[in-house]
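**Student:** Quick one, final-v6.txt (compact mmCIF, C-alpha atoms):
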# COMPACT_ATOMS: atom_id res chain seq x y z
CA MET R 1 18.21 30.19 55.22
CA LEU R 2 21.05 28.76 57.23
CA SER R 3 24.33 28.19 55.49
CA CYS R 4 27.51 26.35 56.23
CA SER R 5 31.02 26.19 54.86
CA GLY R 6 31.60 23.56 52.22
CA SER R 7 27.92 23.45 51.19
CA TYR R 8 26.39 23.99 47.80
CA TYR R 9 22.97 25.17 46.70
CA TYR R 10 20.45 23.62 44.35
CA ASN R 11 16.95 25.02 43.76
CA GLY R 12 17.37 27.31 46.76
CA LEU R 13 18.22 24.50 49.17
CA CYS R 14 21.49 24.18 51.01
CA PHE R 15 23.15 20.78 50.76
CA LEU R 16 26.23 19.44 52.46
CA GLY R 17 28.80 17.69 50.33
CA LYS R 18 27.67 14.33 51.80
CA LYS R 19 25.59 11.94 49.73
CA ASN R 20 21.84 11.91 50.56
CA THR R 21 22.18 14.62 53.20
CA ARG R 22 20.17 17.81 53.25
CA TYR R 23 20.87 20.89 55.37
CA CYS R 24 18.60 23.90 55.25
CA GLY R 25 16.56 26.24 57.39
CA ASP R 26 13.27 24.63 56.37
CA PRO R 27 11.70 23.48 59.70
CA ARG R 28 9.77 20.67 57.98
CA MET R 29 13.07 18.90 57.33
CA GLN R 30 14.25 19.10 60.91
CA CYS R 31 14.28 15.92 62.91
CA PRO R 32 10.94 15.90 64.78
CA TYR R 33 12.66 14.34 67.81
CA CYS R 34 15.78 16.47 68.33
CA GLN R 35 15.30 19.31 65.75
CA HIS R 36 18.66 18.56 64.18
CA LEU R 37 18.92 19.79 60.58
CA GLU R 38 20.97 16.98 59.03
CA THR R 39 19.11 13.90 57.81
CA LYS R 40 19.76 11.20 55.30
CA VAL R 41 17.25 9.53 53.03
CA ILE R 42 16.88 5.81 53.75
CA ASP R 43 14.11 5.04 51.25
CA LYS R 44 12.10 6.93 48.63
CA ARG R 45 8.70 5.95 47.20
CA ASP R 46 6.94 7.78 44.40
CA ALA R 47 3.14 7.85 44.22
CA VAL R 48 0.76 9.82 42.04
CA GLY R 49 1.79 13.44 42.52
CA ARG R 50 3.72 12.76 45.74
CA THR R 51 7.03 11.43 47.00
CA LYS R 52 7.41 9.75 50.38
CA ARG R 53 10.87 9.71 51.92
CA ARG R 54 12.01 7.68 54.90
CA ARG R 55 14.67 9.72 56.70
CA GLU R 56 17.12 9.13 59.51
CA CYS R 57 18.47 11.87 61.73
CA LEU R 58 22.27 11.97 61.70
CA LYS R 59 22.36 13.08 65.34
CA CYS R 60 19.82 10.94 67.26
CA GLU R 61 19.52 8.24 64.55
CA LYS R 62 15.71 8.12 64.85
CA ARG R 63 13.71 7.63 61.68
CA PHE R 64 10.72 9.58 60.33
CA ASN R 65 8.77 10.09 57.11
CA THR R 66 8.38 13.20 54.98
CA HIS R 67 5.95 13.72 52.13
CA GLU R 68 6.77 15.89 49.17
CA ALA R 69 4.39 17.27 46.55
CA VAL R 70 4.74 19.80 43.78
CA GLU R 71 3.39 23.17 44.82
CA GLU R 72 0.88 24.07 42.19
CA VAL R 73 -0.67 27.34 41.16
CA ARG R 74 -3.65 28.21 43.33
CA LEU R 75 -6.85 27.33 41.55
CA ARG R 76 -9.85 29.68 41.88
CA VAL R 77 -13.52 28.79 41.46
CA ILE R 78 -15.99 31.21 39.88
CA LYS R 79 -19.28 30.73 41.72
CA LYS R 80 -22.69 30.99 40.06
CA ASP R 81 -23.20 34.45 41.61
CA GLY R 82 -19.90 35.67 40.09
CA GLY R 83 -17.96 35.53 43.36
CA ARG R 84 -14.60 33.81 43.54
CA GLU R 85 -13.09 31.49 46.11
CA ASP R 86 -10.09 29.19 46.40
CA PHE R 87 -10.59 25.66 45.12
CA ASP R 88 -11.15 23.34 48.07
CA ARG R 89 -10.09 19.76 47.37
CA ASP R 90 -11.68 18.59 50.63
CA LYS R 91 -15.02 20.08 49.61
CA LEU R 92 -14.83 18.18 46.31
CA LYS R 93 -13.94 14.98 48.16
CA ARG R 94 -16.80 15.39 50.67
CA GLY R 95 -19.30 15.85 47.82
CA ILE R 96 -18.11 12.76 45.99
CA GLU R 97 -17.95 10.69 49.19
CA LYS R 98 -21.51 11.72 50.06
CA ALA R 99 -22.74 10.59 46.64
CA CYS R 100 -20.84 7.30 47.01
CA GLU R 101 -22.00 6.62 50.57
CA LYS R 102 -23.02 2.96 51.09
CA ARG R 103 -22.00 2.12 47.53
CA PRO R 104 -19.32 -0.45 46.59
CA ILE R 105 -16.74 2.20 45.66
CA SER R 106 -13.29 2.08 47.24
CA THR R 107 -11.51 5.06 48.74
CA GLU R 108 -8.75 4.53 46.18
CA ARG R 109 -11.27 4.85 43.34
CA ILE R 110 -12.63 8.08 44.85
CA ASP R 111 -9.08 9.43 45.16
CA LYS R 112 -8.41 8.58 41.50
CA MET R 113 -11.57 10.44 40.50
CA ILE R 114 -10.47 13.49 42.46
CA ILE R 115 -7.01 13.45 40.86
CA THR R 116 -8.55 13.12 37.38
CA ILE R 117 -10.93 16.01 38.05
CA GLU R 118 -8.17 18.20 39.51
CA ASP R 119 -5.92 17.54 36.50
CA LYS R 120 -8.70 18.58 34.10
CA LEU R 121 -9.41 21.70 36.17
CA ARG R 122 -5.75 22.76 36.16
CA LYS R 123 -5.58 22.26 32.40
CA LYS R 124 -8.61 24.53 32.05
CA GLY R 125 -6.77 27.45 33.69
CA LYS R 126 -6.30 29.34 36.96
CA GLU R 127 -10.01 30.09 37.28
CA VAL R 128 -12.79 27.61 36.56
CA PRO R 129 -16.56 27.98 36.82
CA SER R 130 -18.25 25.92 39.54
CA THR R 131 -20.58 24.56 36.84
CA PHE R 132 -17.56 23.04 35.06
CA ILE R 133 -16.52 21.29 38.29
CA GLY R 134 -20.05 19.93 38.72
CA GLU R 135 -20.08 18.58 35.18
CA MET R 136 -16.66 16.94 35.65
CA VAL R 137 -17.83 15.24 38.87
CA SER R 138 -21.02 14.09 37.13
CA LYS R 139 -19.03 12.58 34.24
CA GLU R 140 -16.66 10.71 36.55
CA LEU R 141 -19.46 9.39 38.77
CA LYS R 142 -21.48 8.28 35.75
CA LYS R 143 -18.51 6.11 34.67
CA VAL R 144 -18.09 4.58 38.12
CA ASP R 145 -21.57 4.12 39.62
CA LYS R 146 -24.96 5.14 38.23
CA VAL R 147 -26.62 5.38 41.66
CA ALA R 148 -23.87 7.67 42.97
CA TYR R 149 -24.26 9.73 39.80
CA ILE R 150 -28.04 10.13 40.36
CA ARG R 151 -27.43 11.14 43.99
CA PHE R 152 -24.92 13.78 42.95
CA ALA R 153 -27.05 15.01 40.04
CA SER R 154 -30.09 15.39 42.30
CA VAL R 155 -28.23 17.88 44.47
CA TYR R 156 -26.10 19.51 41.76
CA ARG R 157 -29.00 20.02 39.35
CA ASP R 158 -31.41 20.84 42.19
CA PHE R 159 -34.06 18.20 41.48
CA THR R 160 -37.38 19.45 42.81
CA ASP R 161 -39.69 16.47 42.28
CA ILE R 162 -39.80 12.84 41.20
CA SER R 163 -40.15 13.75 37.51
CA ASP R 164 -36.61 15.19 37.56
CA PHE R 165 -35.34 11.84 38.83
CA LYS R 166 -37.35 9.95 36.18
CA ASN R 167 -35.99 12.10 33.37
CA GLU R 168 -32.40 11.65 34.50
CA ILE R 169 -32.84 7.89 34.90
CA LYS R 170 -34.36 7.69 31.39
CA LYS R 171 -31.26 9.46 30.01
CA LEU R 172 -29.04 6.95 31.85
CA VAL R 173 -30.96 3.95 30.53
CA ARG R 174 -30.63 5.25 26.95
CA THR R 175 -26.83 5.54 27.19
Spit out the file's structure as structure tokens when you get a sec.
**Tutor:**
Amino acid sequence: MLSCSGSYYYNGLCFLGKKNTRYCGDPRMQCPYCQHLETKVIDKRDAVGRTKRRRECLKCEKRFNTHEAVEEVRLRVIKKDGGREDFDRDKLKRGIEKACEKRPISTERIDKMIITIEDKLRKKGKEVPSTFIGEMVSKELKKVDKVAYIRFASVYRDFTDISDFKNEIKKLVRT
């Protein structure tokens, strides 16, 4: 980490004594135009789990955005065969998007489902069974869209013939 005289440290980051100015060796905070390390925050917006900051370089005065998120503990998935792999948020999103294809479900709603599922997975622990993930996705899709739920269930539960579909639809109609 770079340091300078007159600076102070907070959470491992080097700050100058100037208001809203950050100085550190983290290359993500460098100006993308001139690579200068001093920037000031012009605007800050908080969203679910993320913070967006509008910054201005103190040297070239160009503006750029940075996105900040809490670094969370790596989540592991226990596969049906007992193997383990890192949790892949994109894989979860692709599966949900495939089930919701050509359905009146917004991208924002899909993102909310993913956040809800991820929160429940993290509360469960560092390692979660893939079957638990499948059940969580099924629950969320059932709340949002019955057709998307049936699509997902047909793949997740490995439907082999039309009777599997009929049985699942009968369960849906009863609830």
**Student:** Can you tell me, as a short mmCIF file (atom, residue, chain, number, x, y, z; two decimals) with C-alpha atoms, in the coordinates of the input, which residues sit within 12 Å of (-22.2, 7.9, 50.0) in the file's frame, using only C-alpha atoms?
**Tutor:**
data_model
loop_
_atom_site.label_atom_id
_atom_site.label_comp_id
_atom_site.auth_asym_id
_atom_site.auth_seq_id
_atom_site.Cartn_x
_atom_site.Cartn_y
_atom_site.Cartn_z
CA LYS R 93 -13.94 14.98 48.16
CA ARG R 94 -16.80 15.39 50.67
CA GLY R 95 -19.30 15.85 47.82
CA ILE R 96 -18.11 12.76 45.99
CA GLU R 97 -17.95 10.69 49.19
CA LYS R 98 -21.51 11.72 50.06
CA ALA R 99 -22.74 10.59 46.64
CA CYS R 100 -20.84 7.30 47.01
CA GLU R 101 -22.00 6.62 50.57
CA LYS R 102 -23.02 2.96 51.09
CA ARG R 103 -22.00 2.12 47.53
CA PRO R 104 -19.32 -0.45 46.59
CA ILE R 105 -16.74 2.20 45.66
CA SER R 106 -13.29 2.08 47.24
CA THR R 107 -11.51 5.06 48.74
CA ILE R 110 -12.63 8.08 44.85
CA LEU R 141 -19.46 9.39 38.77
CA ASP R 145 -21.57 4.12 39.62
CA VAL R 147 -26.62 5.38 41.66
CA ALA R 148 -23.87 7.67 42.97
CA TYR R 149 -24.26 9.73 39.80
CA ILE R 150 -28.04 10.13 40.36
CA ARG R 151 -27.43 11.14 43.99
CA PHE R 152 -24.92 13.78 42.95
#
**Student:** Using all atoms listed in the file, which of the listed residues (R:Leu121, R:Ile162, R:Met29, R:Phe64) sits closest to Asp43 in chain R?
**Tutor:**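 The closest residue to Asp43 in chain R is R:Phe64.
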**Student:** Which polymer residues have any atom within 9 Å of an atom of range 75-78 of chain R, counting only C-alpha atoms, with same-chain residues fewer than 2 positions away left out, as an mmCIF file with C-alpha atoms, keeping the file's coordinate frame?
**Tutor:**
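As written to disk, part.cif reads:
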data_model
loop_
_atom_site.group_PDB
_atom_site.id
_atom_site.type_symbol
_atom_site.label_atom_id
_atom_site.label_comp_id
_atom_site.auth_asym_id
_atom_site.auth_seq_id
_atom_site.Cartn_x
_atom_site.Cartn_y
_atom_site.Cartn_z
ATOM 1 C CA GLU R 72 0.880 24.070 42.190
ATOM 2 C CA VAL R 73 -0.670 27.340 41.160
ATOM 3 C CA LYS R 80 -22.690 30.990 40.060
ATOM 4 C CA ASP R 81 -23.200 34.450 41.610
ATOM 5 C CA GLY R 82 -19.900 35.670 40.090
ATOM 6 C CA GLY R 83 -17.960 35.530 43.360
ATOM 7 C CA ARG R 84 -14.600 33.810 43.540
ATOM 8 C CA GLU R 85 -13.090 31.490 46.110
ATOM 9 C CA ASP R 86 -10.090 29.190 46.400
ATOM 10 C CA PHE R 87 -10.590 25.660 45.120
ATOM 11 C CA ASP R 88 -11.150 23.340 48.070
ATOM 12 C CA LEU R 121 -9.410 21.700 36.170
ATOM 13 C CA ARG R 122 -5.750 22.760 36.160
ATOM 14 C CA GLY R 125 -6.770 27.450 33.690
ATOM 15 C CA LYS R 126 -6.300 29.340 36.960
ATOM 16 C CA GLU R 127 -10.010 30.090 37.280
ATOM 17 C CA VAL R 128 -12.790 27.610 36.560
ATOM 18 C CA PRO R 129 -16.560 27.980 36.820
ATOM 19 C CA SER R 130 -18.250 25.920 39.540
ATOM 20 C CA THR R 131 -20.580 24.560 36.840
ATOM 21 C CA ILE R 133 -16.520 21.290 38.290
#
**Student:** Counting only C-alpha atoms, what is within 12 Å of Gly49 in chain R, bar same-chain residues fewer than 5 positions away, as a VMD selection string?
**Tutor:** chain R and resid 67 to 72 111 to 112 115 to 116 118 to 119
**Student:** In Å to one decimal, how far is CA of Arg50 in chain R from CA of Glu135 in chain R?
**Tutor:** 26.7 Å
**Student:** Quote the spacing between CA of Ser138 in chain R and CA of Asp158 in chain R in Å to one decimal place.
**Tutor:**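 Straight-line distance from CA of Ser138 in chain R to CA of Asp158 in chain R works out to 13.4 Å.
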**Student:** Between R:Arg54, R:Leu92, R:Glu108, R:Lys62, which residue has the minimum interatomic distance to Gly134 in chain R, considering only C-alpha atoms?
**Tutor:**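 Counting only C-alpha atoms, the residue closest to Gly134 in chain R is R:Leu92.
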